[in-house]
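Asks: Have a look at the structure that comes next, please.
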Amino acid sequence: MTDADDVRLLEQDRLLARLLADAEAACGPAAWPRVEAVVTGLVELYGTGLERILVLARAAALDRAALDEDIAADDVVASLLLLHDLHPLALEQRIERALERVRDEVPHASALSLVGVTDGVVKLRAAQANAQLPTTHVVARAIEREAPELAGVQIDGAPPARADGLLPVERLVRGARA
Amino acid sequence: MIALPTLERFVRRAEHARAQRAGTNCELCGAKMSEQHRHVVDKTARRLLCACTACVIAFDGDVPGRFRTVPDRRRVKRDASIDATVLDALAVPVGLAFFFRSSTLARWVAVFPSVAGPTEAELPDEAWAALEARSALARELPSDIEALLVRRTRDGKCAGYIVPVDECYELIALLRRHWRGIDGGDDARRVIAEVFVHLDERCGGVA
């Protein structure tokens, strides 16, 4: 898992967005739905392919848990699998991993526990009242790393961080490189 | 891991399409059918129903009763008799409308695009009489299943086409997605222009 992979993947997604905007402008609103249908069909086909590969790999794996971990650790593969709802680790598992990372990064912070996920917002609670907490930003960054599909993080009664799902990715990548 | 918003858009569309495919049933008999299907018109409700091949065949032609199959898409004819005088009589403003004869109402029905989707309108009987006096294609138009689709551009050019009625409703649904403001805006006008270029091609080029 490297930040370079993240950047490359994000750049490819943006390039795709630009190409699509170009194509939409060029072909006009009557032809555009057909182009969208073609792209949708291709994305669906590749998604089906990813699913089959995953099923075959897991069936053949000597150590399935290790395979899932390797897949989760590869940013490109994991991001694409997540997109197709095929990520081998459940959302709760990934949030727990993020919380472990926070504990590693901010060792003096009190442990946070997962309360639940509602409408894309993770609710967390401090293990002890009045405990010293890592900032919401640090937690949001860690959770974003493991679960970019989520919309925000809420700790105890604090206002949710990351209202939109796109901007913080840049912040994450820049932050990681800085 | 990172979110890929552009790709995600298409993944969600694919999921939606898959859900629709799985749930596509003939609205007459309930049989499973493919995404590519034809339509049967419900003359009483003036509504289109997605139909499987068996039902399309069963209700094809001049059959008595509530349902009738909409003809195949290739049937498009240009009605050269449509001009500004006719459209004035039919009270068609700048833009687009389609007209069909409803066997249930025993009269012509006008349908206009709007922000709310297809909007039916009642027009005076003289208007229909004028149209039928003028247009042989309109006189012969089979009830319920085919329509006269007309267009008037801003520079006053008028055109009329005999088109299967499901295609008219699909055009209005397409327009609704591009509709802005009261008159539809540039986007809607571009859609209309493209659709009519395509209609001209299917009629065998511009007259």
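Going through the structure tokens in order, the chains are called A, B, and so on, while each chain numbers its residues from 1 and the ligands are numbered from 1 in the order shown.
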Can you list, as a PDB file with N, CA and C atoms, in the first residue's frame, every residue of region 48-194 of chain B that DSSP puts in helix (DSSP H, G or I)?

Replies:
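As a result, selection.pdb now contains:
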```
ATOM      1  N   THR B  53     -43.279 -11.056 -25.824  1.00  0.00           N
ATOM      2  CA  THR B  53     -43.543 -11.353 -27.236  1.00  0.00           C
ATOM      3  C   THR B  53     -44.920 -11.991 -27.435  1.00  0.00           C
ATOM      4  N   ALA B  54     -45.304 -12.906 -26.551  1.00  0.00           N
ATOM      5  CA  ALA B  54     -46.598 -13.589 -26.687  1.00  0.00           C
ATOM      6  C   ALA B  54     -47.745 -12.579 -26.639  1.00  0.00           C
ATOM      7  N   CYS B  55     -47.681 -11.632 -25.708  1.00  0.00           N
ATOM      8  CA  CYS B  55     -48.753 -10.631 -25.597  1.00  0.00           C
ATOM      9  C   CYS B  55     -48.726  -9.655 -26.768  1.00  0.00           C
ATOM     10  N   VAL B  56     -47.506  -9.322 -27.244  1.00  0.00           N
ATOM     11  CA  VAL B  56     -47.375  -8.433 -28.402  1.00  0.00           C
ATOM     12  C   VAL B  56     -48.103  -9.059 -29.590  1.00  0.00           C
ATOM     13  N   ILE B  57     -47.912 -10.367 -29.783  1.00  0.00           N
ATOM     14  CA  ILE B  57     -48.563 -11.065 -30.895  1.00  0.00           C
ATOM     15  C   ILE B  57     -50.078 -11.139 -30.658  1.00  0.00           C
ATOM     16  N   ALA B  58     -50.463 -11.422 -29.422  1.00  0.00           N
ATOM     17  CA  ALA B  58     -51.887 -11.600 -29.110  1.00  0.00           C
ATOM     18  C   ALA B  58     -52.701 -10.329 -29.378  1.00  0.00           C
ATOM     19  N   ALA B  84     -47.537  25.766 -40.788  1.00  0.00           N
ATOM     20  CA  ALA B  84     -47.862  26.713 -39.709  1.00  0.00           C
ATOM     21  C   ALA B  84     -49.373  26.875 -39.522  1.00  0.00           C
ATOM     22  N   THR B  85     -50.127  26.854 -40.615  1.00  0.00           N
ATOM     23  CA  THR B  85     -51.578  27.026 -40.523  1.00  0.00           C
ATOM     24  C   THR B  85     -52.199  25.912 -39.681  1.00  0.00           C
ATOM     25  N   VAL B  86     -51.777  24.671 -39.966  1.00  0.00           N
ATOM     26  CA  VAL B  86     -52.309  23.522 -39.222  1.00  0.00           C
ATOM     27  C   VAL B  86     -51.929  23.639 -37.745  1.00  0.00           C
ATOM     28  N   LEU B  87     -50.677  23.959 -37.497  1.00  0.00           N
ATOM     29  CA  LEU B  87     -50.228  24.024 -36.103  1.00  0.00           C
ATOM     30  C   LEU B  87     -50.888  25.187 -35.365  1.00  0.00           C
ATOM     31  N   ASP B  88     -51.176  26.271 -36.054  1.00  0.00           N
ATOM     32  CA  ASP B  88     -51.929  27.372 -35.434  1.00  0.00           C
ATOM     33  C   ASP B  88     -53.311  26.878 -35.029  1.00  0.00           C
ATOM     34  N   ALA B  89     -53.955  26.141 -35.934  1.00  0.00           N
ATOM     35  CA  ALA B  89     -55.299  25.622 -35.651  1.00  0.00           C
ATOM     36  C   ALA B  89     -55.272  24.666 -34.462  1.00  0.00           C
ATOM     37  N   ASP B 125     -63.066  20.856 -31.423  1.00  0.00           N
ATOM     38  CA  ASP B 125     -63.325  19.910 -32.500  1.00  0.00           C
ATOM     39  C   ASP B 125     -62.951  20.473 -33.872  1.00  0.00           C
ATOM     40  N   GLU B 126     -63.116  21.804 -34.052  1.00  0.00           N
ATOM     41  CA  GLU B 126     -62.767  22.394 -35.350  1.00  0.00           C
ATOM     42  C   GLU B 126     -61.304  22.136 -35.693  1.00  0.00           C
ATOM     43  N   ALA B 127     -60.471  22.138 -34.641  1.00  0.00           N
ATOM     44  CA  ALA B 127     -59.045  21.935 -34.870  1.00  0.00           C
ATOM     45  C   ALA B 127     -58.800  20.562 -35.496  1.00  0.00           C
ATOM     46  N   TRP B 128     -59.481  19.536 -34.957  1.00  0.00           N
ATOM     47  CA  TRP B 128     -59.301  18.180 -35.501  1.00  0.00           C
ATOM     48  C   TRP B 128     -59.850  18.095 -36.908  1.00  0.00           C
ATOM     49  N   ALA B 129     -60.998  18.729 -37.105  1.00  0.00           N
ATOM     50  CA  ALA B 129     -61.623  18.712 -38.426  1.00  0.00           C
ATOM     51  C   ALA B 129     -60.669  19.333 -39.444  1.00  0.00           C
ATOM     52  N   ALA B 130     -60.027  20.448 -39.048  1.00  0.00           N
ATOM     53  CA  ALA B 130     -59.084  21.123 -39.942  1.00  0.00           C
ATOM     54  C   ALA B 130     -57.894  20.224 -40.245  1.00  0.00           C
ATOM     55  N   LEU B 131     -57.403  19.543 -39.208  1.00  0.00           N
ATOM     56  CA  LEU B 131     -56.260  18.646 -39.393  1.00  0.00           C
ATOM     57  C   LEU B 131     -56.622  17.500 -40.335  1.00  0.00           C
ATOM     58  N   GLU B 132     -57.769  16.885 -40.111  1.00  0.00           N
ATOM     59  CA  GLU B 132     -58.161  15.740 -40.937  1.00  0.00           C
ATOM     60  C   GLU B 132     -58.440  16.170 -42.374  1.00  0.00           C
ATOM     61  N   ALA B 133     -58.995  17.395 -42.530  1.00  0.00           N
ATOM     62  CA  ALA B 133     -59.259  17.897 -43.878  1.00  0.00           C
ATOM     63  C   ALA B 133     -57.945  18.096 -44.621  1.00  0.00           C
ATOM     64  N   ARG B 134     -56.918  18.447 -43.869  1.00  0.00           N
ATOM     65  CA  ARG B 134     -55.642  18.801 -44.464  1.00  0.00           C
ATOM     66  C   ARG B 134     -54.747  17.583 -44.713  1.00  0.00           C
ATOM     67  N   ALA B 136     -53.974  13.612 -45.135  1.00  0.00           N
ATOM     68  CA  ALA B 136     -54.457  12.265 -45.439  1.00  0.00           C
ATOM     69  C   ALA B 136     -53.909  11.264 -44.423  1.00  0.00           C
ATOM     70  N   LEU B 137     -52.659  11.465 -44.030  1.00  0.00           N
ATOM     71  CA  LEU B 137     -52.043  10.544 -43.060  1.00  0.00           C
ATOM     72  C   LEU B 137     -52.789  10.610 -41.727  1.00  0.00           C
ATOM     73  N   ALA B 138     -53.224  11.807 -41.316  1.00  0.00           N
ATOM     74  CA  ALA B 138     -53.969  11.961 -40.070  1.00  0.00           C
ATOM     75  C   ALA B 138     -55.333  11.272 -40.179  1.00  0.00           C
ATOM     76  N   ARG B 139     -55.969  11.399 -41.349  1.00  0.00           N
ATOM     77  CA  ARG B 139     -57.277  10.746 -41.557  1.00  0.00           C
ATOM     78  C   ARG B 139     -57.163   9.238 -41.399  1.00  0.00           C
ATOM     79  N   GLU B 140     -56.048   8.701 -41.908  1.00  0.00           N
ATOM     80  CA  GLU B 140     -55.888   7.235 -41.910  1.00  0.00           C
ATOM     81  C   GLU B 140     -55.202   6.715 -40.649  1.00  0.00           C
ATOM     82  N   VAL B 165     -46.811   5.415 -30.946  1.00  0.00           N
ATOM     83  CA  VAL B 165     -47.126   6.265 -29.805  1.00  0.00           C
ATOM     84  C   VAL B 165     -46.131   6.067 -28.642  1.00  0.00           C
ATOM     85  N   ASP B 166     -45.554   4.863 -28.509  1.00  0.00           N
ATOM     86  CA  ASP B 166     -44.608   4.647 -27.397  1.00  0.00           C
ATOM     87  C   ASP B 166     -43.347   5.490 -27.582  1.00  0.00           C
ATOM     88  N   GLU B 167     -42.979   5.677 -28.874  1.00  0.00           N
ATOM     89  CA  GLU B 167     -41.804   6.491 -29.142  1.00  0.00           C
ATOM     90  C   GLU B 167     -42.050   7.958 -28.756  1.00  0.00           C
ATOM     91  N   CYS B 168     -43.294   8.423 -28.962  1.00  0.00           N
ATOM     92  CA  CYS B 168     -43.651   9.796 -28.571  1.00  0.00           C
ATOM     93  C   CYS B 168     -43.541   9.971 -27.057  1.00  0.00           C
ATOM     94  N   TYR B 169     -44.057   8.993 -26.315  1.00  0.00           N
ATOM     95  CA  TYR B 169     -43.981   9.095 -24.854  1.00  0.00           C
ATOM     96  C   TYR B 169     -42.532   9.023 -24.373  1.00  0.00           C
ATOM     97  N   GLU B 170     -41.729   8.192 -25.051  1.00  0.00           N
ATOM     98  CA  GLU B 170     -40.316   8.096 -24.669  1.00  0.00           C
ATOM     99  C   GLU B 170     -39.596   9.419 -24.918  1.00  0.00           C
ATOM    100  N   LEU B 171     -39.941  10.079 -26.031  1.00  0.00           N
ATOM    101  CA  LEU B 171     -39.333  11.371 -26.337  1.00  0.00           C
ATOM    102  C   LEU B 171     -39.680  12.384 -25.247  1.00  0.00           C
ATOM    103  N   ILE B 172     -40.929  12.364 -24.808  1.00  0.00           N
ATOM    104  CA  ILE B 172     -41.349  13.317 -23.779  1.00  0.00           C
ATOM    105  C   ILE B 172     -40.677  13.004 -22.440  1.00  0.00           C
ATOM    106  N   ALA B 173     -40.477  11.730 -22.162  1.00  0.00           N
ATOM    107  CA  ALA B 173     -39.760  11.347 -20.937  1.00  0.00           C
ATOM    108  C   ALA B 173     -38.305  11.819 -21.018  1.00  0.00           C
ATOM    109  N   LEU B 174     -37.713  11.693 -22.207  1.00  0.00           N
ATOM    110  CA  LEU B 174     -36.328  12.141 -22.419  1.00  0.00           C
ATOM    111  C   LEU B 174     -36.237  13.658 -22.242  1.00  0.00           C
ATOM    112  N   LEU B 175     -37.221  14.364 -22.803  1.00  0.00           N
ATOM    113  CA  LEU B 175     -37.236  15.826 -22.676  1.00  0.00           C
ATOM    114  C   LEU B 175     -37.346  16.259 -21.227  1.00  0.00           C
ATOM    115  N   ARG B 176     -38.155  15.520 -20.494  1.00  0.00           N
ATOM    116  CA  ARG B 176     -38.378  15.889 -19.094  1.00  0.00           C
ATOM    117  C   ARG B 176     -37.070  15.895 -18.307  1.00  0.00           C
ATOM    118  N   ARG B 177     -36.179  14.971 -18.664  1.00  0.00           N
ATOM    119  CA  ARG B 177     -34.896  14.907 -17.971  1.00  0.00           C
ATOM    120  C   ARG B 177     -34.009  16.098 -18.323  1.00  0.00           C
ATOM    121  N   HIS B 178     -34.274  16.723 -19.471  1.00  0.00           N
ATOM    122  CA  HIS B 178     -33.435  17.849 -19.907  1.00  0.00           C
ATOM    123  C   HIS B 178     -34.160  19.178 -19.802  1.00  0.00           C
ATOM    124  N   GLY B 185     -35.689  25.260 -22.343  1.00  0.00           N
ATOM    125  CA  GLY B 185     -34.295  25.706 -22.382  1.00  0.00           C
ATOM    126  C   GLY B 185     -33.511  25.100 -23.542  1.00  0.00           C
ATOM    127  N   ASP B 186     -32.227  25.489 -23.656  1.00  0.00           N
ATOM    128  CA  ASP B 186     -31.388  25.072 -24.780  1.00  0.00           C
ATOM    129  C   ASP B 186     -31.179  23.567 -24.842  1.00  0.00           C
ATOM    130  N   ASP B 187     -31.032  22.964 -23.676  1.00  0.00           N
ATOM    131  CA  ASP B 187     -30.765  21.531 -23.606  1.00  0.00           C
ATOM    132  C   ASP B 187     -31.913  20.754 -24.240  1.00  0.00           C
ATOM    133  N   ALA B 188     -33.150  21.114 -23.852  1.00  0.00           N
ATOM    134  CA  ALA B 188     -34.337  20.434 -24.377  1.00  0.00           C
ATOM    135  C   ALA B 188     -34.442  20.671 -25.884  1.00  0.00           C
ATOM    136  N   ARG B 189     -34.132  21.903 -26.328  1.00  0.00           N
ATOM    137  CA  ARG B 189     -34.212  22.193 -27.763  1.00  0.00           C
ATOM    138  C   ARG B 189     -33.197  21.382 -28.551  1.00  0.00           C
ATOM    139  N   ARG B 190     -32.008  21.175 -27.934  1.00  0.00           N
ATOM    140  CA  ARG B 190     -30.988  20.369 -28.610  1.00  0.00           C
ATOM    141  C   ARG B 190     -31.453  18.917 -28.736  1.00  0.00           C
ATOM    142  N   VAL B 191     -32.082  18.406 -27.686  1.00  0.00           N
ATOM    143  CA  VAL B 191     -32.597  17.031 -27.726  1.00  0.00           C
ATOM    144  C   VAL B 191     -33.616  16.908 -28.847  1.00  0.00           C
ATOM    145  N   ILE B 192     -34.548  17.871 -28.908  1.00  0.00           N
ATOM    146  CA  ILE B 192     -35.591  17.827 -29.932  1.00  0.00           C
ATOM    147  C   ILE B 192     -34.949  17.841 -31.321  1.00  0.00           C
ATOM    148  N   ALA B 193     -33.964  18.745 -31.523  1.00  0.00           N
ATOM    149  CA  ALA B 193     -33.305  18.858 -32.824  1.00  0.00           C
ATOM    150  C   ALA B 193     -32.683  17.523 -33.220  1.00  0.00           C
ATOM    151  N   GLU B 194     -31.996  16.882 -32.289  1.00  0.00           N
ATOM    152  CA  GLU B 194     -31.337  15.603 -32.596  1.00  0.00           C
ATOM    153  C   GLU B 194     -32.345  14.524 -32.941  1.00  0.00           C
TER     154      GLU B 194
END
```

Asks: Return as a short mmCIF file (atom, residue, chain, number, x, y, z; two decimals) with N, CA and C atoms, in the first residue's frame the residues belonging to chain B that are within 7 Å of chain A, counting only C-alpha atoms.

Replies:
```cif
data_model
loop_
_atom_site.label_atom_id
_atom_site.label_comp_id
_atom_site.auth_asym_id
_atom_site.auth_seq_id
_atom_site.Cartn_x
_atom_site.Cartn_y
_atom_site.Cartn_z
N MET B 1 -7.04 2.70 0.75
CA MET B 1 -8.17 2.69 -0.18
C MET B 1 -8.68 4.09 -0.40
N ILE B 2 -9.14 4.34 -1.59
CA ILE B 2 -9.72 5.66 -1.85
C ILE B 2 -11.06 5.49 -2.57
N ALA B 3 -11.90 6.53 -2.47
CA ALA B 3 -13.18 6.53 -3.19
C ALA B 3 -12.91 6.96 -4.63
N LEU B 4 -13.61 6.35 -5.58
CA LEU B 4 -13.46 6.68 -6.99
C LEU B 4 -14.81 7.14 -7.51
N THR B 6 -16.05 8.85 -10.00
CA THR B 6 -16.49 8.73 -11.40
C THR B 6 -16.92 7.31 -11.71
N LEU B 7 -16.02 6.37 -11.35
CA LEU B 7 -16.35 4.97 -11.58
C LEU B 7 -17.57 4.56 -10.78
N GLU B 8 -17.66 5.08 -9.57
CA GLU B 8 -18.76 4.70 -8.69
C GLU B 8 -20.12 5.00 -9.32
N PHE B 10 -20.97 4.81 -12.30
CA PHE B 10 -21.36 3.79 -13.25
C PHE B 10 -21.66 2.46 -12.57
N VAL B 11 -20.95 2.19 -11.47
CA VAL B 11 -21.23 0.97 -10.73
C VAL B 11 -22.67 1.03 -10.18
N ARG B 13 -25.10 2.82 -11.38
CA ARG B 13 -26.03 2.71 -12.51
C ARG B 13 -26.21 1.25 -12.92
N ALA B 14 -25.09 0.51 -12.92
CA ALA B 14 -25.15 -0.90 -13.31
C ALA B 14 -26.02 -1.68 -12.32
N VAL B 191 -32.08 18.41 -27.69
CA VAL B 191 -32.60 17.03 -27.73
C VAL B 191 -33.62 16.91 -28.85
N GLU B 194 -32.00 16.88 -32.29
CA GLU B 194 -31.34 15.60 -32.60
C GLU B 194 -32.35 14.52 -32.94
#
```

Asks: Would you pick out the contacts of Met33 (chain B) at 10 Å or less, using only C-alpha atoms, so that residues sharing its chain but fewer than 3 positions from it are not included, and give the list as a ChimeraX atom specification?

Replies: /B:21-26,30,36-37,50-53

Asks: Set the distance at 12 Å and use only C-alpha atoms: which residues neighbour Asp183 (chain B) once local chain neighbours fewer than 6 positions away are removed? I'd like the list as a list in words.

Replies: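 Contacts, in chain order: Pro93, Val94, Gly95, Leu96, Phe112, Pro113, Ser114, Val115, Arg154, Leu175, Arg176 and Arg189 of chain B.
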
Asks: Neighbours of region 92-99 of chain A within 10 Å (only C-alpha atoms; same-chain residues fewer than 6 positions away dropped), as a ChimeraX atom specification?

Replies: /A:72,105,111-114,116-117,122,124,139-147

Asks: Store the residues picked out above, limited to C-alpha atoms, as a tab-separated table (two decimals), in the first residue's frame.

Replies:
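Saved as result-v5.tsv:
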```
chain	number	residue	atom	x	y	z
A	72	ALA	CA	-7.12	-5.29	1.76
A	105	GLU	CA	-0.70	7.10	16.07
A	111	ALA	CA	-9.67	4.02	23.41
A	112	LEU	CA	-12.62	4.69	21.17
A	113	SER	CA	-15.29	2.11	20.58
A	114	LEU	CA	-17.65	1.75	17.69
A	116	GLY	CA	-22.65	2.02	14.99
A	117	VAL	CA	-23.04	3.39	11.48
A	122	VAL	CA	-19.79	6.36	12.07
A	124	LEU	CA	-17.81	6.40	18.20
A	139	VAL	CA	-9.97	9.68	13.48
A	140	ALA	CA	-11.77	10.67	10.29
A	141	ARG	CA	-8.51	10.40	8.35
A	142	ALA	CA	-7.84	6.92	9.67
A	143	ILE	CA	-11.37	5.74	8.99
A	144	GLU	CA	-11.34	7.25	5.53
A	145	ARG	CA	-8.25	5.20	4.79
A	146	GLU	CA	-10.10	1.97	5.56
A	147	ALA	CA	-13.65	2.92	4.62
```

Asks: In Å, how far is it from CA of Asp144 (chain B) to CA of Phe100 (chain B)?

Replies: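 About the pair CA of Asp144 (chain B) and CA of Phe100 (chain B): they are 6.2 Å apart.
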
Asks: List every residue of region 73-196 of chain B that DSSP, applied to the backbone of this structure, places in strand (DSSP E or B), and write the result as a ChimeraX atom specification.

Replies: /B:77-78,95-102,107-112,119-121,146-152,158-164,180,184

Asks: For the selection you just gave me, I'd like the residues written to a file as a short mmCIF file (atom, residue, chain, number, x, y, z; two decimals), in the first residue's frame, keeping C-alpha atoms.

Replies:
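Result file is selection25.cif:
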```cif
data_model
loop_
_atom_site.label_atom_id
_atom_site.label_comp_id
_atom_site.auth_asym_id
_atom_site.auth_seq_id
_atom_site.Cartn_x
_atom_site.Cartn_y
_atom_site.Cartn_z
CA LYS B 77 -43.61 8.55 -42.09
CA ARG B 78 -43.23 12.25 -42.71
CA GLY B 95 -41.80 23.44 -29.63
CA LEU B 96 -43.37 20.06 -29.83
CA ALA B 97 -46.54 18.05 -29.31
CA PHE B 98 -48.13 14.81 -30.44
CA PHE B 99 -51.71 13.93 -31.30
CA PHE B 100 -53.51 10.62 -31.46
CA ARG B 101 -57.07 9.46 -31.86
CA SER B 102 -58.38 7.80 -28.70
CA ARG B 107 -61.78 12.05 -30.18
CA TRP B 108 -58.24 13.28 -30.73
CA VAL B 109 -55.98 13.82 -27.75
CA ALA B 110 -53.10 16.30 -27.72
CA VAL B 111 -50.04 15.60 -25.57
CA PHE B 112 -47.48 18.31 -24.75
CA THR B 119 -49.61 16.62 -20.35
CA GLU B 120 -52.85 15.83 -22.16
CA ALA B 121 -54.89 18.70 -23.54
CA GLU B 146 -49.78 5.74 -33.70
CA ALA B 147 -49.48 9.48 -33.33
CA LEU B 148 -48.79 12.61 -35.31
CA LEU B 149 -45.66 14.13 -33.80
CA VAL B 150 -45.22 17.79 -34.71
CA ARG B 151 -42.50 20.31 -34.17
CA ARG B 152 -42.23 24.03 -34.73
CA CYS B 158 -42.95 23.14 -39.09
CA ALA B 159 -42.74 19.40 -39.53
CA GLY B 160 -45.01 16.44 -38.82
CA TYR B 161 -44.31 12.72 -38.55
CA ILE B 162 -46.42 9.63 -38.05
CA VAL B 163 -44.66 7.77 -35.23
CA PRO B 164 -45.56 4.83 -32.93
CA ARG B 180 -35.20 23.71 -17.72
CA GLY B 184 -37.47 23.70 -21.75
#
```

Asks: Record the distance separating CA of Glu24 (chain A) and CA of His198 (chain B), expressed in Å with one decimal.

Replies: 18.3 Å
